[in-house]
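The data block below is start_39.txt; it holds compact mmCIF, C-alpha atoms.
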# COMPACT_ATOMS: atom_id res chain seq x y z
CA MET X 1 153.18 77.01 81.26
CA GLU X 2 155.58 78.41 78.66
CA PRO X 3 155.38 76.96 75.14
CA SER X 4 157.76 74.02 74.78
CA LEU X 5 158.48 70.85 72.82
CA ALA X 6 156.55 68.65 75.27
CA HIS X 7 153.43 68.09 73.14
CA PHE X 8 155.57 67.34 70.09
CA LEU X 9 157.67 64.92 72.12
CA ALA X 10 154.54 63.21 73.41
CA GLU X 11 153.46 62.63 69.81
CA HIS X 12 156.76 61.61 68.19
CA TYR X 13 159.23 60.44 70.86
CA GLY X 14 157.98 56.84 70.99
CA ALA X 15 158.35 56.30 67.25
CA VAL X 16 161.81 57.87 67.21
CA LYS X 17 162.87 55.71 70.16
CA THR X 18 161.74 52.59 68.31
CA ARG X 19 163.50 53.59 65.10
CA TYR X 20 166.82 54.36 66.82
CA PRO X 21 167.16 51.83 69.67
CA GLY X 22 169.85 52.27 72.28
CA GLU X 23 170.72 55.91 71.59
CA GLY X 24 169.38 57.35 74.85
CA ARG X 25 167.04 60.14 75.89
CA ARG X 26 169.08 63.15 74.75
CA LYS X 27 169.69 61.86 71.22
CA TRP X 28 166.05 60.82 70.89
CA ARG X 29 164.92 64.28 71.98
CA LEU X 30 167.31 65.85 69.46
CA ARG X 31 165.81 63.74 66.69
CA VAL X 32 162.30 64.83 67.66
CA ALA X 33 163.47 68.46 67.73
CA GLU X 34 164.84 67.94 64.22
CA LEU X 35 161.32 66.97 63.10
CA PHE X 36 159.95 70.10 64.75
CA TRP X 37 162.38 72.35 62.90
CA GLY X 38 161.27 70.72 59.66
CA LEU X 39 157.72 72.05 60.11
CA SER X 40 156.58 74.97 58.02
CA SER X 41 155.94 78.32 59.70
CA GLU X 42 152.20 77.66 59.38
CA GLN X 43 152.56 74.27 61.08
CA LYS X 44 154.56 75.81 63.92
CA ALA X 45 151.86 78.46 64.36
CA ALA X 46 149.21 75.75 64.49
CA TYR X 47 151.30 73.88 67.08
CA LEU X 48 151.45 76.99 69.26
CA THR X 49 147.68 77.37 69.10
CA SER X 50 147.15 73.70 69.89
CA ILE X 51 149.42 73.57 72.95
CA SER X 52 147.95 76.80 74.30
CA GLN X 53 144.49 75.24 74.21
CA ASN X 54 145.54 71.80 75.52
CA PRO X 55 148.19 72.20 78.24
CA LEU X 56 149.87 69.13 79.69
CA THR X 57 149.87 68.52 83.44
CA ALA X 58 153.08 68.60 85.47
CA GLU X 59 152.43 65.00 86.54
CA SER X 60 152.18 63.73 82.97
CA LEU X 61 155.40 65.53 82.02
CA GLU X 62 157.33 64.14 84.98
CA ASP X 63 156.36 60.56 84.16
CA ALA X 64 156.80 60.85 80.38
CA ASP X 65 159.48 58.68 78.79
CA PHE X 66 161.06 61.73 77.15
CA ASN X 67 161.89 62.99 80.64
CA ALA X 68 162.32 59.72 82.53
CA ASP X 69 164.33 57.56 80.12
CA GLU X 70 168.00 57.04 80.87
CA ASP X 71 170.82 58.57 78.86
CA PRO X 72 174.44 57.41 78.50
CA SER X 73 175.65 60.78 79.87
CA ASP X 74 173.44 60.86 82.96
CA ASP X 75 176.26 59.67 85.22
CA ILE X 76 178.35 62.75 84.34
CA SER X 77 175.45 65.18 84.29
CA ASP X 78 172.08 64.70 85.97
CA ASP X 79 173.24 62.01 88.41
CA ALA X 80 176.60 63.62 89.23
CA PRO X 81 177.10 65.83 92.30
CA GLY X 82 177.31 69.60 91.97
CA VAL X 83 175.16 72.36 90.51
CA GLY X 84 177.52 73.03 87.61
CA ILE X 85 179.67 70.95 85.26
CA LEU X 86 183.23 71.88 84.34
CA LEU X 87 184.24 70.05 81.17
CA ARG X 88 187.90 69.83 80.18
CA THR X 89 188.19 69.83 76.38
CA ASP X 90 191.91 70.55 75.91
CA TYR X 91 194.63 68.13 77.03
CA SER X 92 197.72 69.75 75.55
CA ASP X 93 199.12 71.35 78.72
CA GLU X 94 198.87 69.25 81.87
CA GLU X 95 200.78 71.78 83.97
CA ALA X 96 198.33 74.55 83.08
CA TRP X 97 195.37 72.27 83.83
CA GLN X 98 196.80 71.31 87.22
CA ALA X 99 197.28 75.00 88.06
CA PHE X 100 193.69 75.75 87.03
CA TYR X 101 192.33 72.84 89.03
CA ALA X 102 194.28 73.86 92.14
CA LYS X 103 192.81 77.37 91.87
CA LEU X 104 189.33 75.87 91.52
CA GLN X 105 189.81 73.84 94.69
CA ASP X 106 191.04 76.93 96.52
CA ALA X 107 188.06 78.94 95.27
CA GLU X 108 185.59 76.26 96.40
CA SER X 109 187.21 76.11 99.82
CA GLU X 110 187.20 79.90 100.14
CA PHE X 111 183.59 80.14 99.06
CA ALA X 112 182.59 77.45 101.56
CA SER X 113 184.42 79.32 104.36
CA ASP X 114 182.73 82.59 103.46
CA ALA X 115 179.32 80.92 103.28
CA ALA X 116 179.67 79.04 106.57
CA PRO X 117 178.59 81.93 108.86
CA GLU X 118 175.50 82.50 106.74
CA VAL X 119 174.64 78.81 106.91
CA ALA X 120 174.98 78.89 110.68
CA ASP X 121 172.81 81.99 111.04
CA ALA X 122 170.00 80.95 108.71
CA ASP X 123 168.26 77.82 107.56
CA MET X 124 169.23 78.06 103.90
CA ASP X 125 167.52 75.76 101.45
CA GLY X 126 167.85 75.05 97.75
CA GLU X 127 170.43 73.48 95.48
CA ALA X 128 172.81 76.41 95.49
CA SER X 129 173.08 76.62 99.28
CA SER X 130 173.77 72.91 99.43
CA ALA X 131 176.63 73.50 97.04
CA ALA X 132 177.97 76.31 99.19
CA GLN X 133 177.99 74.09 102.27
CA GLY X 134 179.80 71.32 100.44
CA ALA X 135 182.16 73.31 98.28
CA ALA X 136 185.28 72.39 100.21
CA SER X 137 184.55 68.69 99.79
CA SER X 138 184.50 68.64 96.00
CA SER X 139 184.79 65.01 94.93
CA THR X 140 186.37 65.61 91.54
CA ASP X 141 189.92 64.72 90.66
CA ALA X 142 192.37 66.60 88.47
CA GLU X 143 193.78 63.34 87.13
CA GLY X 144 190.44 62.24 85.71
CA ASP X 145 190.83 58.47 85.83
CA THR X 146 190.14 58.20 89.58
CA ALA X 147 187.41 60.81 89.83
CA MET X 148 184.49 58.40 90.00
CA GLU X 149 186.21 56.28 92.63
CA ASP X 150 186.73 59.37 94.79
CA GLU X 151 183.06 60.31 94.44
CA ASP X 152 181.98 56.90 95.64
CA ALA X 153 184.34 57.17 98.58
CA ASP X 154 182.96 60.57 99.54
CA ALA X 155 179.43 59.20 99.38
CA ASP X 156 180.41 56.29 101.64
CA ASP X 157 181.81 58.76 104.17
CA GLY X 158 178.31 60.18 104.53
CA ASP X 159 179.01 63.63 103.14
CA ASP X 160 175.61 64.62 101.72
CA ALA X 161 176.66 68.12 100.69
CA ALA X 162 177.28 68.55 96.99
CA PRO X 163 180.33 70.27 95.53
CA ILE X 164 179.73 73.31 93.37
CA PHE X 165 181.27 71.70 90.28
CA PHE X 166 181.45 68.21 88.91
CA VAL X 167 184.67 68.17 86.89
CA ILE X 168 184.84 66.01 83.77
CA ASN X 169 188.50 65.29 83.08
CA ALA X 170 188.33 62.19 80.95
CA PRO X 171 191.04 59.53 81.02
CA PRO X 172 193.12 59.32 77.82
CA ALA X 173 191.03 56.55 76.27
CA GLU X 174 187.85 58.66 76.47
CA ARG X 175 189.16 62.11 75.55
CA ALA X 176 188.40 62.04 71.83
CA LYS X 177 184.67 62.71 72.31
CA PHE X 178 185.37 65.81 74.43
CA ALA X 179 188.47 67.27 72.76
CA GLY X 180 187.81 70.71 71.29
CA ILE X 181 184.01 70.38 71.19
CA SER X 182 181.81 73.40 70.71
CA ASN X 183 179.43 74.92 73.23
CA LEU X 184 176.48 73.45 71.37
CA ALA X 185 178.01 69.97 71.30
CA ALA X 186 178.59 70.17 75.06
CA LEU X 187 174.98 71.22 75.67
CA ARG X 188 173.66 68.39 73.51
CA LEU X 189 175.83 65.90 75.40
CA LEU X 190 175.08 67.08 78.93
CA ASN X 191 171.67 68.85 78.76
CA ASP X 192 168.23 68.06 77.32
CA VAL X 193 167.01 69.93 74.25
CA ASP X 194 163.74 71.87 74.26
CA VAL X 195 162.22 74.81 72.41
CA GLN X 196 160.70 78.09 73.50
CA ARG X 197 159.38 81.23 71.86
CA ALA X 198 162.25 83.42 70.66
CA PRO X 199 162.56 86.98 72.01
CA ALA X 200 160.63 89.46 69.91
CA PRO X 201 162.76 91.74 67.73
CA PRO X 202 162.65 95.44 68.71
CA ALA X 203 160.30 97.69 66.78
CA GLY X 204 161.74 98.40 63.35
CA THR X 205 164.16 95.46 63.51
CA LYS X 206 163.85 92.65 60.99
CA ARG X 207 164.11 89.03 62.04
CA VAL X 208 167.49 87.35 61.49
CA ARG X 209 168.19 86.06 58.00
CA PRO X 210 168.83 83.32 57.30
CA PRO X 211 166.80 82.03 60.25
CA ASN X 212 168.63 79.85 62.74
CA ARG X 213 167.12 77.75 65.49
CA LEU X 214 169.59 79.03 68.11
CA VAL X 215 168.38 82.61 67.57
CA ASP X 216 165.01 82.71 65.85
CA HIS X 217 163.36 80.28 63.45
CA ASP X 218 159.73 81.14 62.73
CA GLY X 219 159.54 82.75 66.16
CA TRP X 220 160.96 79.72 68.00
CA GLN X 221 164.33 79.01 69.56
CA GLU X 222 166.20 75.85 70.55
CA VAL X 223 167.09 75.84 74.27
CA TYR X 224 168.57 73.42 76.79
CA SER X 225 167.83 72.40 80.37
CA GLY X 226 170.08 70.78 82.94
CA LYS X 227 173.15 71.76 84.89
CA THR X 228 175.16 74.78 83.83
CA VAL X 229 178.12 73.86 81.61
CA TRP X 230 181.55 75.51 81.85
CA ILE X 231 184.34 74.59 79.42
CA TYR X 232 188.10 74.47 79.89
CA ASP X 233 189.57 74.91 76.40
CA ALA X 234 192.92 75.56 74.74
CA LYS X 235 192.75 79.24 75.61
CA SER X 236 192.30 78.31 79.27
CA ASN X 237 195.90 77.13 79.34
CA GLN X 238 196.96 80.77 78.97
CA ASP X 239 194.22 82.84 80.62
CA GLN X 240 193.14 80.40 83.38
CA CYS X 241 189.49 81.13 82.49
CA ALA X 242 186.56 78.88 81.60
CA ARG X 243 183.73 79.43 79.12
CA LEU X 244 180.28 79.81 80.65
CA VAL X 245 177.79 78.34 78.15
CA SER X 246 174.28 79.79 77.98
CA GLN X 247 171.34 77.38 77.76
CA LYS X 248 169.22 79.93 75.93
CA SER X 249 169.73 83.34 74.39
CA ALA X 250 169.71 86.50 76.44
CA ALA X 251 166.60 88.66 76.35
CA MET X 252 168.35 90.81 73.76
CA TYR X 253 167.18 89.83 70.28
CA GLY X 254 169.95 88.43 68.11
CA THR X 255 171.87 86.68 70.87
CA ALA X 256 171.89 82.89 70.69
CA THR X 257 171.56 79.72 72.66
CA ALA X 258 175.07 78.33 73.39
CA ASP X 259 176.62 81.81 73.48
CA SER X 260 179.51 82.02 75.93
CA TRP X 261 181.85 84.37 77.74
CA ARG X 262 184.94 83.77 79.81
CA ALA X 263 185.39 84.04 83.57
CA ARG X 264 188.51 83.57 85.69
CA VAL X 265 188.66 80.36 87.69
CA SER X 266 188.84 82.36 90.93
CA HIS X 267 185.37 83.80 90.20
CA ILE X 268 183.43 80.88 88.77
CA CYS X 269 182.33 79.31 92.08
CA GLU X 270 180.55 82.44 93.24
CA LEU X 271 179.12 82.99 89.76
CA GLN X 272 177.81 79.43 89.55
CA VAL X 273 176.11 79.51 92.94
CA ASN X 274 174.50 82.88 92.23
CA LEU X 275 173.30 81.72 88.82
CA ALA X 276 171.88 78.49 90.25
CA SER X 277 170.05 80.32 93.05
CA GLY X 278 168.61 82.90 90.67
CA ALA X 279 170.41 85.69 92.52
CA MET X 280 171.95 86.94 89.28
CA SER X 281 171.62 86.76 85.52
CA ILE X 282 174.06 87.84 82.84
CA ASP X 283 172.95 90.25 80.14
CA PHE X 284 175.80 92.81 79.93
CA GLY X 285 173.29 95.61 80.36
CA GLY X 286 171.64 94.81 77.03
CA LEU X 287 174.91 94.79 75.07
CA ASP X 288 176.06 91.88 72.92
CA ARG X 289 179.39 90.94 74.48
CA TRP X 290 179.33 87.19 73.95
CA ASP X 291 182.04 85.42 72.00
CA TYR X 292 181.24 85.97 68.33
CA GLU X 293 183.50 83.28 66.85
CA GLY X 294 181.97 80.70 69.16
CA ARG X 295 178.48 81.83 68.14
CA VAL X 296 179.29 81.39 64.46
CA ARG X 297 180.54 77.87 65.10
CA ASN X 298 177.39 77.00 67.05
CA LEU X 299 175.08 78.41 64.39
CA GLU X 300 176.82 76.33 61.73
CA GLU X 301 176.64 73.15 63.78
CA ALA X 302 172.99 73.68 64.71
CA VAL X 303 171.75 73.11 61.17
CA ARG X 304 173.73 69.92 60.56
CA PRO X 305 171.61 66.74 60.64
CA VAL X 306 171.63 64.79 63.89
CA SER X 307 173.93 61.80 63.48
Please, can you express the file's structure as structure tokens?
Amino acid sequence: MEPSLAHFLAEHYGAVKTRYPGEGRRKWRLRVAELFWGLSSEQKAAYLTSISQNPLTAESLEDADFNADEDPSDDISDDAPGVGILLRTDYSDEEAWQAFYAKLQDAESEFASDAAPEVADADMDGEASSAAQGAASSSTDAEGDTAMEDEDADADDGDDAAPIFFVINAPPAERAKFAGISNLAALRLLNDVDVQRAPAPPAGTKRVRPPNRLVDHDGWQEVYSGKTVWIYDAKSNQDQCARLVSQKSAAMYGTATADSWRARVSHICELQVNLASGAMSIDFGGLDRWDYEGRVRNLEEAVRPVS
């Protein structure tokens, strides 16, 4: 098992949960992670040795409160249909959004049509193939305020196939918490925080200074697990693209968790299914082509205290 925050969560999660009642699993995990980042390099090294010698079982992890507790965002993330989440964060141009959403529906329908012969010829399994079979029946709604009602209706109709994307287009009263948020903020809202060992720097390369948890902090890196997050932002109104947000850095040293790059709406269905199935990964051939301004914003936000 890869090194992770699990042992640290097992030790500290209960106390954090008691101290901050009602916040939910993701915020509690973030607070525990904050304690981890406060350890000295020697303490982190001792933690690595300890967890290597005393691995946790899969059963104990599955039943642990830090994995099983509910979170206020579960209904728009873990419990929502789809293998990816498309989050609208700009509400300044409704016409552009409607055009984007129509293209997304067309792309899902086209992908489902293309995948249908393969489904008929082979017994495909896995989350991504389920999404391919159900792509044309996406239960999201461009208007936002009726989306959940439509999902319930689809479920009542007996359609078990999941759409590729669950679209979060909040009604006006709920838009403030999504408007203009960063990649990191979206991950912290919709995914669960964890840590892993950071990629090793190439021979002759110094570690990043100052250290940052999204890249490398004492040889560790903050990462996220959950459904893939795509973001519709202000720039999407012009380029009809969405930001694909990475849950961890690329293998290339110096890249960061929450890095992103843009993809046209006509391509994101195929990209999402291939990413979810493990059929592809994105590394730009070892080049750093992620959005630099977005990375800077994420790095700055990462070191702010959890509030």
Interatomic distance, atom CA of Val83 of chain X to atom CA of Thr257 of chain X (Å, one decimal):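 About the pair atom CA of Val83 of chain X and atom CA of Thr257 of chain X: they are 19.6 Å apart.
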Select, from X:Asp192, X:Asp65, X:Glu300, X:Glu23, the residue with the minimum atom-to-atom distance to Glu11 of chain X, counting all atoms listed in the file.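 When distances to Glu11 of chain X are compared using all atoms listed in the file, the smallest one comes from X:Asp65.
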Spatial neighbours of Asn183 of chain X, max dist 9 Å, only C-alpha atoms, sep filter under 6 positions, as a ChimeraX atom specification: /X:229-231,243-246,258-260,294-295,297-298
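Of note, atom CA of Phe36 of chain X and atom CA of Ala200 of chain X are spaced 20.0 Å apart.
Shortest separation to Ile164 of chain X among X:Glu42, X:Glu301, X:Glu108, X:Asp69 occurs at residue X:Glu108, atoms counted being all atoms listed in the file.
The interatomic distance for the pair atom CA of Asn237 of chain X and atom CA of Pro72 of chain X works out to 29.2 Å.
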Give me, as a count of residues only, all polymer residues having an atom no more than 12 Å from Tyr47 of chain X, counting all atoms listed in the file and skipping those fewer than 3 positions away in the same chain. 24
Selected residue, from X:Ala302, X:Cys241, X:Glu174, X:Ser60, that lies nearest to Pro211 of chain X when counting all atoms listed in the file: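 Answer, going by the shortest atom-to-atom distance: X:Ala302.
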